[in-house]
Amino acid sequence: MTPNLQIELRRFISSNVVSKLNKFYFENDALLIKGIDVSIGTILMGLYNKAEEPEFYTEIVQQLPDDSAFYQEIDFTAGRILSVDDCYKLEGNTLLKELFSNKKGRISEMVSNEVGIKSETAREILNFSALLVVSYLKNNLQLLESLKLLLEEQKREVLNSIPPGIKIILGFSNYETVEDKNQSIGRSIFTLFGHNFFSF
């Protein structure tokens with residue numbers, strides 16, 4: 001069965017994980033969850049953008065060592081993160097540099113602005129999300145061969161979870177959505193003027 005990557009990754013973000021993360025950040029729980037969701041989608045589209053680079057997927061997974069503190073705290077069978085400490089602050093940063101290079105700072109600021117969370121929180125949950133995505137791939141190495149195809153198939157759905165400003169930084173159209181072409185055209189005309197008169 002083909003996994004829906006975003007759904008698979010979301011299941012690790014339990015209320016317990018959010019509560020433990022919030023002992024560092026003191027954000028509204030709903031905004032923190034939204035920030036993580038946006039970050040996961042952003043990481044997936046960062047991977048999509050690297051699909052044409054030979055061996056990139058294998059190399060980024062290899063950058064996460066077996067003894068990574070974050071990786072060892074994930075129970076993949078149960079879909080749970082067992083413990084949340086601040087190890088991801090350092091471990092995730094390297095992965096983000098590989099994915100986004102000089103765009104990393106702009107993306108984290110855009111997550112902060114679009115979601116409504118502090119800049120520090122946005123930076124750290126991007127680190128957290130990068131580690132979660134790469135850890136998931138490390139535990140499912142068989143996905144690496146078909147990852148490009150999976151990301152292509154799920155691209156529009158993932159893009160729906162990413163705010164417009166981040167899409168643009170990543171090189172995607174502001175109006176790429178899961179809707180069919182006619183609906184998308186109709187919606188984009190009205191959102192250009194800041195209104196959404198019709199519900200499709």
# chains A, B, ... in the order shown; residues from 1 in each chain; ligands from 1
>>> residues_around(residues="segment 43-47 of chain A", least_positions_apart="2", cutoff="9 Å", atoms="only C-alpha atoms", output="PyMOL selection string")
chain A and resi 5-6+38-41+49-51+56-57+96+99-100+126+129-130+133+147-148+151+155+158-159+167+170
>>> write_last_selection(atoms="N, CA, C and O atoms", output="compact mmCIF listing (two decimals), in the first residue's frame")
# COMPACT_ATOMS: atom_id res chain seq x y z
N LEU A 5 2.45 10.30 2.76
CA LEU A 5 3.56 10.72 3.61
C LEU A 5 3.12 11.72 4.68
O LEU A 5 3.53 11.61 5.84
N GLN A 6 2.30 12.66 4.30
CA GLN A 6 1.90 13.69 5.26
C GLN A 6 1.05 13.10 6.39
O GLN A 6 1.25 13.41 7.57
N VAL A 38 2.71 22.76 8.83
CA VAL A 38 3.29 23.57 7.75
C VAL A 38 4.75 23.19 7.53
O VAL A 38 5.21 23.06 6.39
N SER A 39 5.47 22.97 8.62
CA SER A 39 6.90 22.62 8.52
C SER A 39 7.10 21.27 7.85
O SER A 39 7.99 21.11 7.02
N ILE A 40 6.26 20.30 8.20
CA ILE A 40 6.36 18.97 7.57
C ILE A 40 6.12 19.10 6.06
O ILE A 40 6.88 18.54 5.25
N GLY A 41 5.09 19.82 5.68
CA GLY A 41 4.82 20.03 4.25
C GLY A 41 5.97 20.74 3.56
O GLY A 41 6.34 20.39 2.43
N ASN A 49 11.98 19.21 -4.39
CA ASN A 49 12.84 20.08 -5.19
C ASN A 49 14.23 19.49 -5.42
O ASN A 49 14.96 19.94 -6.30
N LYS A 50 14.60 18.49 -4.61
CA LYS A 50 15.92 17.86 -4.74
C LYS A 50 15.86 16.55 -5.53
O LYS A 50 16.87 15.85 -5.63
N ALA A 51 14.69 16.24 -6.07
CA ALA A 51 14.48 14.94 -6.72
C ALA A 51 15.43 14.67 -7.87
O ALA A 51 15.77 13.52 -8.16
N PHE A 56 20.66 12.27 -3.70
CA PHE A 56 20.41 13.21 -2.59
C PHE A 56 19.64 12.55 -1.45
O PHE A 56 19.98 12.72 -0.28
N TYR A 57 18.60 11.79 -1.80
CA TYR A 57 17.78 11.18 -0.75
C TYR A 57 18.59 10.22 0.10
O TYR A 57 18.48 10.21 1.33
N LEU A 96 18.43 20.89 7.48
CA LEU A 96 17.79 22.05 6.86
C LEU A 96 18.75 22.76 5.91
O LEU A 96 18.34 23.24 4.85
N LEU A 99 18.81 20.90 2.71
CA LEU A 99 17.57 21.03 1.94
C LEU A 99 17.38 22.42 1.34
O LEU A 99 16.97 22.56 0.19
N PHE A 100 17.66 23.45 2.13
CA PHE A 100 17.27 24.79 1.72
C PHE A 100 18.43 25.77 1.56
O PHE A 100 18.22 26.88 1.09
N LEU A 126 11.01 23.75 12.61
CA LEU A 126 11.54 23.31 11.32
C LEU A 126 12.62 22.26 11.53
O LEU A 126 12.68 21.26 10.81
N SER A 129 10.84 19.10 12.55
CA SER A 129 10.13 18.47 11.42
C SER A 129 11.10 17.83 10.44
O SER A 129 10.82 16.75 9.90
N ALA A 130 12.24 18.49 10.21
CA ALA A 130 13.25 17.90 9.32
C ALA A 130 13.73 16.57 9.87
O ALA A 130 13.86 15.58 9.13
N VAL A 133 10.91 13.88 9.47
CA VAL A 133 10.77 13.38 8.09
C VAL A 133 11.94 12.46 7.73
O VAL A 133 11.74 11.36 7.20
N LEU A 147 10.53 7.58 -3.79
CA LEU A 147 10.18 8.83 -3.12
C LEU A 147 9.84 9.94 -4.11
O LEU A 147 8.90 10.70 -3.91
N LYS A 148 10.60 10.02 -5.18
CA LYS A 148 10.34 11.05 -6.19
C LYS A 148 8.92 10.92 -6.73
O LYS A 148 8.18 11.91 -6.83
N LEU A 151 6.26 11.82 -3.98
CA LEU A 151 6.15 13.26 -3.79
C LEU A 151 5.44 13.92 -4.96
O LEU A 151 4.67 14.87 -4.77
N LYS A 155 2.01 15.87 -4.33
CA LYS A 155 2.47 17.25 -4.33
C LYS A 155 1.35 18.27 -4.05
O LYS A 155 1.48 19.14 -3.20
N VAL A 158 0.05 18.20 -0.47
CA VAL A 158 1.03 18.77 0.45
C VAL A 158 1.05 20.29 0.32
O VAL A 158 1.08 21.02 1.32
N LEU A 159 1.02 20.78 -0.93
CA LEU A 159 1.05 22.23 -1.14
C LEU A 159 -0.16 22.92 -0.52
O LEU A 159 -0.08 24.08 -0.12
N LYS A 167 5.22 28.75 -0.30
CA LYS A 167 5.17 28.14 -1.64
C LYS A 167 6.04 28.93 -2.61
O LYS A 167 6.78 28.35 -3.41
N LEU A 170 9.68 28.44 -2.16
CA LEU A 170 10.07 27.11 -2.63
C LEU A 170 9.96 26.96 -4.15
O LEU A 170 10.35 25.94 -4.71
>>> closest_residue(among="A:Thr42, A:Asn22, A:Ala30, A:Gly165", to="Asn113 of chain A", atoms="only C-alpha atoms")
A:Gly165
>>> select_by_dssp(residues="segment 65-158 of chain A", states="helix (DSSP H, G or I)", output="JSON, numbers by chain")
{"A": [69, 70, 71, 72, 88, 89, 90, 91, 92, 93, 94, 95, 96, 97, 98, 99, 100, 101, 102, 103, 104, 105, 106, 107, 108, 109, 110, 111, 112, 113, 114, 115, 119, 120, 121, 122, 123, 124, 125, 126, 127, 128, 129, 130, 131, 132, 133, 134, 135, 136, 137, 138, 139, 141, 142, 143, 144, 145, 146, 147, 148, 149, 150, 151, 152, 153, 154, 155, 156, 157, 158]}
>>> atom_distance(atom1="atom CA of Phe12 of chain A", atom2="atom CA of Gly79 of chain A")
5.4 Å
>>> atom_distance(atom1="atom CA of Val17 of chain A", atom2="atom CA of Ile117 of chain A")
17.2 Å
>>> select_by_dssp(residues="chain A", states="strand (DSSP E)", output="list in words")
Ile74, Asp75, Arg80 and Ile81 of chain A
>>> closest_residue(among="A:Tyr48, A:Phe70, A:Tyr136, A:Tyr88", to="Phe172 of chain A", atoms="only C-alpha atoms")
A:Tyr48
>>> closest_residue(among="A:Asn16, A:Gly92, A:Arg11, A:Arg80", to="Val134 of chain A", atoms="only C-alpha atoms")
A:Gly92
>>> residues_around(residues="Glu109 of chain A", least_positions_apart="3", cutoff="12 Å", atoms="only C-alpha atoms", output="PDB file with all heavy atoms, in the first residue's frame")
ATOM      1  N   GLY A  35       1.948  25.024  12.961  1.00  0.00           N
ATOM      2  CA  GLY A  35       3.335  25.291  12.580  1.00  0.00           C
ATOM      3  C   GLY A  35       4.081  24.028  12.216  1.00  0.00           C
ATOM      4  O   GLY A  35       4.851  23.997  11.247  1.00  0.00           O
ATOM      5  N   SER A  39       5.467  22.972   8.619  1.00  0.00           N
ATOM      6  CA  SER A  39       6.898  22.620   8.517  1.00  0.00           C
ATOM      7  C   SER A  39       7.100  21.266   7.849  1.00  0.00           C
ATOM      8  O   SER A  39       7.993  21.105   7.019  1.00  0.00           O
ATOM      9  CB  SER A  39       7.538  22.629   9.912  1.00  0.00           C
ATOM     10  OG  SER A  39       7.500  23.922  10.478  1.00  0.00           O
ATOM     11  N   LYS A 103      18.106  29.622   1.741  1.00  0.00           N
ATOM     12  CA  LYS A 103      16.693  29.976   1.920  1.00  0.00           C
ATOM     13  C   LYS A 103      16.175  29.628   3.316  1.00  0.00           C
ATOM     14  O   LYS A 103      15.037  29.969   3.657  1.00  0.00           O
ATOM     15  CB  LYS A 103      15.828  29.262   0.874  1.00  0.00           C
ATOM     16  CG  LYS A 103      16.056  29.720  -0.552  1.00  0.00           C
ATOM     17  CD  LYS A 103      15.141  28.962  -1.491  1.00  0.00           C
ATOM     18  CE  LYS A 103      15.351  29.405  -2.939  1.00  0.00           C
ATOM     19  NZ  LYS A 103      14.493  28.639  -3.880  1.00  0.00           N
ATOM     20  N   LYS A 104      16.989  28.948   4.103  1.00  0.00           N
ATOM     21  CA  LYS A 104      16.543  28.429   5.400  1.00  0.00           C
ATOM     22  C   LYS A 104      15.995  29.536   6.303  1.00  0.00           C
ATOM     23  O   LYS A 104      14.926  29.406   6.899  1.00  0.00           O
ATOM     24  CB  LYS A 104      17.703  27.704   6.087  1.00  0.00           C
ATOM     25  CG  LYS A 104      17.341  27.063   7.410  1.00  0.00           C
ATOM     26  CD  LYS A 104      18.479  26.178   7.895  1.00  0.00           C
ATOM     27  CE  LYS A 104      19.642  26.982   8.412  1.00  0.00           C
ATOM     28  NZ  LYS A 104      19.416  27.558   9.755  1.00  0.00           N
ATOM     29  N   GLY A 105      16.717  30.648   6.413  1.00  0.00           N
ATOM     30  CA  GLY A 105      16.295  31.750   7.274  1.00  0.00           C
ATOM     31  C   GLY A 105      14.994  32.383   6.810  1.00  0.00           C
ATOM     32  O   GLY A 105      14.101  32.677   7.610  1.00  0.00           O
ATOM     33  N   ARG A 106      14.875  32.573   5.496  1.00  0.00           N
ATOM     34  CA  ARG A 106      13.655  33.171   4.946  1.00  0.00           C
ATOM     35  C   ARG A 106      12.445  32.272   5.175  1.00  0.00           C
ATOM     36  O   ARG A 106      11.353  32.747   5.476  1.00  0.00           O
ATOM     37  CB  ARG A 106      13.812  33.422   3.443  1.00  0.00           C
ATOM     38  CG  ARG A 106      14.717  34.597   3.092  1.00  0.00           C
ATOM     39  CD  ARG A 106      14.965  34.670   1.588  1.00  0.00           C
ATOM     40  NE  ARG A 106      13.734  34.855   0.830  1.00  0.00           N
ATOM     41  CZ  ARG A 106      13.544  34.417  -0.402  1.00  0.00           C
ATOM     42  NH1 ARG A 106      14.509  33.764  -1.030  1.00  0.00           N
ATOM     43  NH2 ARG A 106      12.419  34.641  -1.031  1.00  0.00           N
ATOM     44  N   SER A 112       6.986  31.667  10.733  1.00  0.00           N
ATOM     45  CA  SER A 112       6.629  32.513  11.877  1.00  0.00           C
ATOM     46  C   SER A 112       5.519  33.485  11.513  1.00  0.00           C
ATOM     47  O   SER A 112       4.502  33.596  12.207  1.00  0.00           O
ATOM     48  CB  SER A 112       7.872  33.273  12.355  1.00  0.00           C
ATOM     49  OG  SER A 112       7.531  34.256  13.311  1.00  0.00           O
ATOM     50  N   ASN A 113       5.691  34.197  10.407  1.00  0.00           N
ATOM     51  CA  ASN A 113       4.731  35.219  10.002  1.00  0.00           C
ATOM     52  C   ASN A 113       3.376  34.640   9.603  1.00  0.00           C
ATOM     53  O   ASN A 113       2.323  35.141   9.977  1.00  0.00           O
ATOM     54  CB  ASN A 113       5.279  36.039   8.829  1.00  0.00           C
ATOM     55  CG  ASN A 113       6.496  36.857   9.221  1.00  0.00           C
ATOM     56  OD1 ASN A 113       6.711  37.143  10.397  1.00  0.00           O
ATOM     57  ND2 ASN A 113       7.313  37.219   8.243  1.00  0.00           N
ATOM     58  N   GLU A 114       3.410  33.554   8.819  1.00  0.00           N
ATOM     59  CA  GLU A 114       2.170  33.013   8.265  1.00  0.00           C
ATOM     60  C   GLU A 114       1.356  32.232   9.308  1.00  0.00           C
ATOM     61  O   GLU A 114       0.136  32.196   9.249  1.00  0.00           O
ATOM     62  CB  GLU A 114       2.480  32.109   7.058  1.00  0.00           C
ATOM     63  CG  GLU A 114       3.198  32.813   5.914  1.00  0.00           C
ATOM     64  CD  GLU A 114       2.273  33.183   4.769  1.00  0.00           C
ATOM     65  OE1 GLU A 114       1.047  33.156   4.962  1.00  0.00           O
ATOM     66  OE2 GLU A 114       2.781  33.513   3.691  1.00  0.00           O
ATOM     67  N   VAL A 115       2.046  31.591  10.243  1.00  0.00           N
ATOM     68  CA  VAL A 115       1.351  30.784  11.252  1.00  0.00           C
ATOM     69  C   VAL A 115       0.986  31.628  12.473  1.00  0.00           C
ATOM     70  O   VAL A 115      -0.040  31.408  13.110  1.00  0.00           O
ATOM     71  CB  VAL A 115       2.214  29.565  11.669  1.00  0.00           C
ATOM     72  CG1 VAL A 115       1.555  28.783  12.797  1.00  0.00           C
ATOM     73  CG2 VAL A 115       2.448  28.651  10.466  1.00  0.00           C
ATOM     74  N   GLY A 116       1.842  32.613  12.779  1.00  0.00           N
ATOM     75  CA  GLY A 116       1.584  33.457  13.944  1.00  0.00           C
ATOM     76  C   GLY A 116       2.270  32.964  15.200  1.00  0.00           C
ATOM     77  O   GLY A 116       1.729  33.040  16.300  1.00  0.00           O
ATOM     78  N   ILE A 117       3.490  32.418  15.036  1.00  0.00           N
ATOM     79  CA  ILE A 117       4.287  31.956  16.170  1.00  0.00           C
ATOM     80  C   ILE A 117       5.601  32.730  16.198  1.00  0.00           C
ATOM     81  O   ILE A 117       5.962  33.384  15.224  1.00  0.00           O
ATOM     82  CB  ILE A 117       4.568  30.435  16.091  1.00  0.00           C
ATOM     83  CG1 ILE A 117       5.195  30.070  14.734  1.00  0.00           C
ATOM     84  CG2 ILE A 117       3.300  29.636  16.325  1.00  0.00           C
ATOM     85  CD1 ILE A 117       5.549  28.607  14.588  1.00  0.00           C
ATOM     86  N   LYS A 118       6.299  32.652  17.317  1.00  0.00           N
ATOM     87  CA  LYS A 118       7.558  33.380  17.462  1.00  0.00           C
ATOM     88  C   LYS A 118       8.608  32.859  16.483  1.00  0.00           C
ATOM     89  O   LYS A 118       8.578  31.685  16.090  1.00  0.00           O
ATOM     90  CB  LYS A 118       8.081  33.247  18.904  1.00  0.00           C
ATOM     91  CG  LYS A 118       7.172  33.893  19.949  1.00  0.00           C
ATOM     92  CD  LYS A 118       7.815  33.897  21.322  1.00  0.00           C
ATOM     93  CE  LYS A 118       7.881  32.545  21.979  1.00  0.00           C
ATOM     94  NZ  LYS A 118       6.568  32.081  22.467  1.00  0.00           N
ATOM     95  N   SER A 119       9.550  33.738  16.124  1.00  0.00           N
ATOM     96  CA  SER A 119      10.614  33.358  15.181  1.00  0.00           C
ATOM     97  C   SER A 119      11.431  32.179  15.703  1.00  0.00           C
ATOM     98  O   SER A 119      11.763  31.261  14.949  1.00  0.00           O
ATOM     99  CB  SER A 119      11.548  34.548  14.935  1.00  0.00           C
ATOM    100  OG  SER A 119      10.863  35.578  14.281  1.00  0.00           O
ATOM    101  N   GLU A 120      11.748  32.198  16.989  1.00  0.00           N
ATOM    102  CA  GLU A 120      12.532  31.104  17.568  1.00  0.00           C
ATOM    103  C   GLU A 120      11.772  29.790  17.460  1.00  0.00           C
ATOM    104  O   GLU A 120      12.342  28.750  17.103  1.00  0.00           O
ATOM    105  CB  GLU A 120      12.836  31.391  19.042  1.00  0.00           C
ATOM    106  CG  GLU A 120      13.614  30.260  19.705  1.00  0.00           C
ATOM    107  CD  GLU A 120      13.581  30.306  21.230  1.00  0.00           C
ATOM    108  OE1 GLU A 120      12.945  31.213  21.800  1.00  0.00           O
ATOM    109  OE2 GLU A 120      14.180  29.406  21.828  1.00  0.00           O
ATOM    110  N   THR A 121      10.475  29.837  17.749  1.00  0.00           N
ATOM    111  CA  THR A 121       9.656  28.621  17.657  1.00  0.00           C
ATOM    112  C   THR A 121       9.670  28.076  16.238  1.00  0.00           C
ATOM    113  O   THR A 121       9.838  26.873  16.020  1.00  0.00           O
ATOM    114  CB  THR A 121       8.202  28.912  18.080  1.00  0.00           C
ATOM    115  OG1 THR A 121       8.190  29.535  19.360  1.00  0.00           O
ATOM    116  CG2 THR A 121       7.386  27.632  18.131  1.00  0.00           C
ATOM    117  N   ALA A 122       9.492  28.964  15.261  1.00  0.00           N
ATOM    118  CA  ALA A 122       9.472  28.541  13.860  1.00  0.00           C
ATOM    119  C   ALA A 122      10.784  27.876  13.471  1.00  0.00           C
ATOM    120  O   ALA A 122      10.794  26.827  12.811  1.00  0.00           O
ATOM    121  CB  ALA A 122       9.193  29.736  12.955  1.00  0.00           C
ATOM    122  N   ARG A 123      11.915  28.465  13.883  1.00  0.00           N
ATOM    123  CA  ARG A 123      13.230  27.874  13.568  1.00  0.00           C
ATOM    124  C   ARG A 123      13.344  26.461  14.149  1.00  0.00           C
ATOM    125  O   ARG A 123      13.794  25.528  13.484  1.00  0.00           O
ATOM    126  CB  ARG A 123      14.362  28.745  14.125  1.00  0.00           C
ATOM    127  CG  ARG A 123      14.669  29.978  13.316  1.00  0.00           C
ATOM    128  CD  ARG A 123      16.004  30.591  13.720  1.00  0.00           C
ATOM    129  NE  ARG A 123      16.066  30.917  15.141  1.00  0.00           N
ATOM    130  CZ  ARG A 123      15.685  32.076  15.667  1.00  0.00           C
ATOM    131  NH1 ARG A 123      15.182  33.015  14.890  1.00  0.00           N
ATOM    132  NH2 ARG A 123      15.794  32.299  16.969  1.00  0.00           N
ATOM    133  N   GLU A 124      12.924  26.327  15.410  1.00  0.00           N
ATOM    134  CA  GLU A 124      13.113  25.045  16.077  1.00  0.00           C
ATOM    135  C   GLU A 124      12.157  23.967  15.591  1.00  0.00           C
ATOM    136  O   GLU A 124      12.532  22.799  15.491  1.00  0.00           O
ATOM    137  CB  GLU A 124      12.981  25.221  17.599  1.00  0.00           C
ATOM    138  CG  GLU A 124      13.942  26.234  18.208  1.00  0.00           C
ATOM    139  CD  GLU A 124      15.412  25.939  17.950  1.00  0.00           C
ATOM    140  OE1 GLU A 124      15.731  24.869  17.426  1.00  0.00           O
ATOM    141  OE2 GLU A 124      16.245  26.801  18.277  1.00  0.00           O
ATOM    142  N   ILE A 125      10.908  24.338  15.276  1.00  0.00           N
ATOM    143  CA  ILE A 125      10.000  23.292  14.795  1.00  0.00           C
ATOM    144  C   ILE A 125      10.333  22.884  13.362  1.00  0.00           C
ATOM    145  O   ILE A 125      10.007  21.770  12.949  1.00  0.00           O
ATOM    146  CB  ILE A 125       8.510  23.660  14.951  1.00  0.00           C
ATOM    147  CG1 ILE A 125       8.126  24.873  14.123  1.00  0.00           C
ATOM    148  CG2 ILE A 125       8.136  23.825  16.409  1.00  0.00           C
ATOM    149  CD1 ILE A 125       6.632  25.143  14.111  1.00  0.00           C
ATOM    150  N   LEU A 126      11.006  23.748  12.614  1.00  0.00           N
ATOM    151  CA  LEU A 126      11.536  23.311  11.316  1.00  0.00           C
ATOM    152  C   LEU A 126      12.621  22.264  11.527  1.00  0.00           C
ATOM    153  O   LEU A 126      12.679  21.261  10.810  1.00  0.00           O
ATOM    154  CB  LEU A 126      12.080  24.502  10.531  1.00  0.00           C
ATOM    155  CG  LEU A 126      11.113  25.204   9.584  1.00  0.00           C
ATOM    156  CD1 LEU A 126      11.714  26.506   9.075  1.00  0.00           C
ATOM    157  CD2 LEU A 126      10.719  24.311   8.411  1.00  0.00           C
ATOM    158  N   GLY A 165       3.193  32.356   0.949  1.00  0.00           N
ATOM    159  CA  GLY A 165       4.545  32.916   0.959  1.00  0.00           C
ATOM    160  C   GLY A 165       5.624  31.852   0.920  1.00  0.00           C
ATOM    161  O   GLY A 165       6.658  32.016   0.263  1.00  0.00           O
ATOM    162  N   ILE A 166       5.384  30.750   1.623  1.00  0.00           N
ATOM    163  CA  ILE A 166       6.370  29.662   1.646  1.00  0.00           C
ATOM    164  C   ILE A 166       6.397  28.955   0.295  1.00  0.00           C
ATOM    165  O   ILE A 166       7.461  28.602  -0.216  1.00  0.00           O
ATOM    166  CB  ILE A 166       6.062  28.664   2.777  1.00  0.00           C
ATOM    167  CG1 ILE A 166       6.109  29.385   4.127  1.00  0.00           C
ATOM    168  CG2 ILE A 166       7.058  27.495   2.771  1.00  0.00           C
ATOM    169  CD1 ILE A 166       5.639  28.563   5.299  1.00  0.00           C
ATOM    170  N   ILE A 169       8.600  30.970  -2.017  1.00  0.00           N
ATOM    171  CA  ILE A 169      10.029  30.808  -1.723  1.00  0.00           C
ATOM    172  C   ILE A 169      10.536  29.473  -2.262  1.00  0.00           C
ATOM    173  O   ILE A 169      11.649  29.369  -2.770  1.00  0.00           O
ATOM    174  CB  ILE A 169      10.299  30.906  -0.203  1.00  0.00           C
ATOM    175  CG1 ILE A 169      10.019  32.316   0.301  1.00  0.00           C
ATOM    176  CG2 ILE A 169      11.752  30.531   0.117  1.00  0.00           C
ATOM    177  CD1 ILE A 169      10.090  32.457   1.809  1.00  0.00           C
TER     178      ILE A 169
END
>>> closest_residue(among="A:Glu52, A:Glu153, A:Glu73, A:Glu27", to="Pro3 of chain A", atoms="only C-alpha atoms")
A:Glu153
>>> closest_residue(among="A:Glu59, A:Ile36, A:Tyr71, A:Gln142", to="Ser83 of chain A", atoms="only C-alpha atoms")
A:Tyr71
>>> decode(residues="segment 127-138 of chain A", atoms="C-alpha atoms", output="compact mmCIF listing (two decimals), in the first residue's frame")
# COMPACT_ATOMS: atom_id res chain seq x y z
CA ASN A 127 14.52 21.49 12.85
CA PHE A 128 12.12 19.12 14.62
CA SER A 129 10.13 18.47 11.42
CA ALA A 130 13.25 17.90 9.32
CA LEU A 131 14.42 15.27 11.79
CA LEU A 132 11.00 13.64 11.89
CA VAL A 133 10.77 13.38 8.09
CA VAL A 134 14.34 12.09 7.65
CA SER A 135 13.93 9.67 10.58
CA TYR A 136 10.79 8.29 8.96
CA LEU A 137 12.65 7.78 5.69
CA LYS A 138 15.60 6.19 7.50
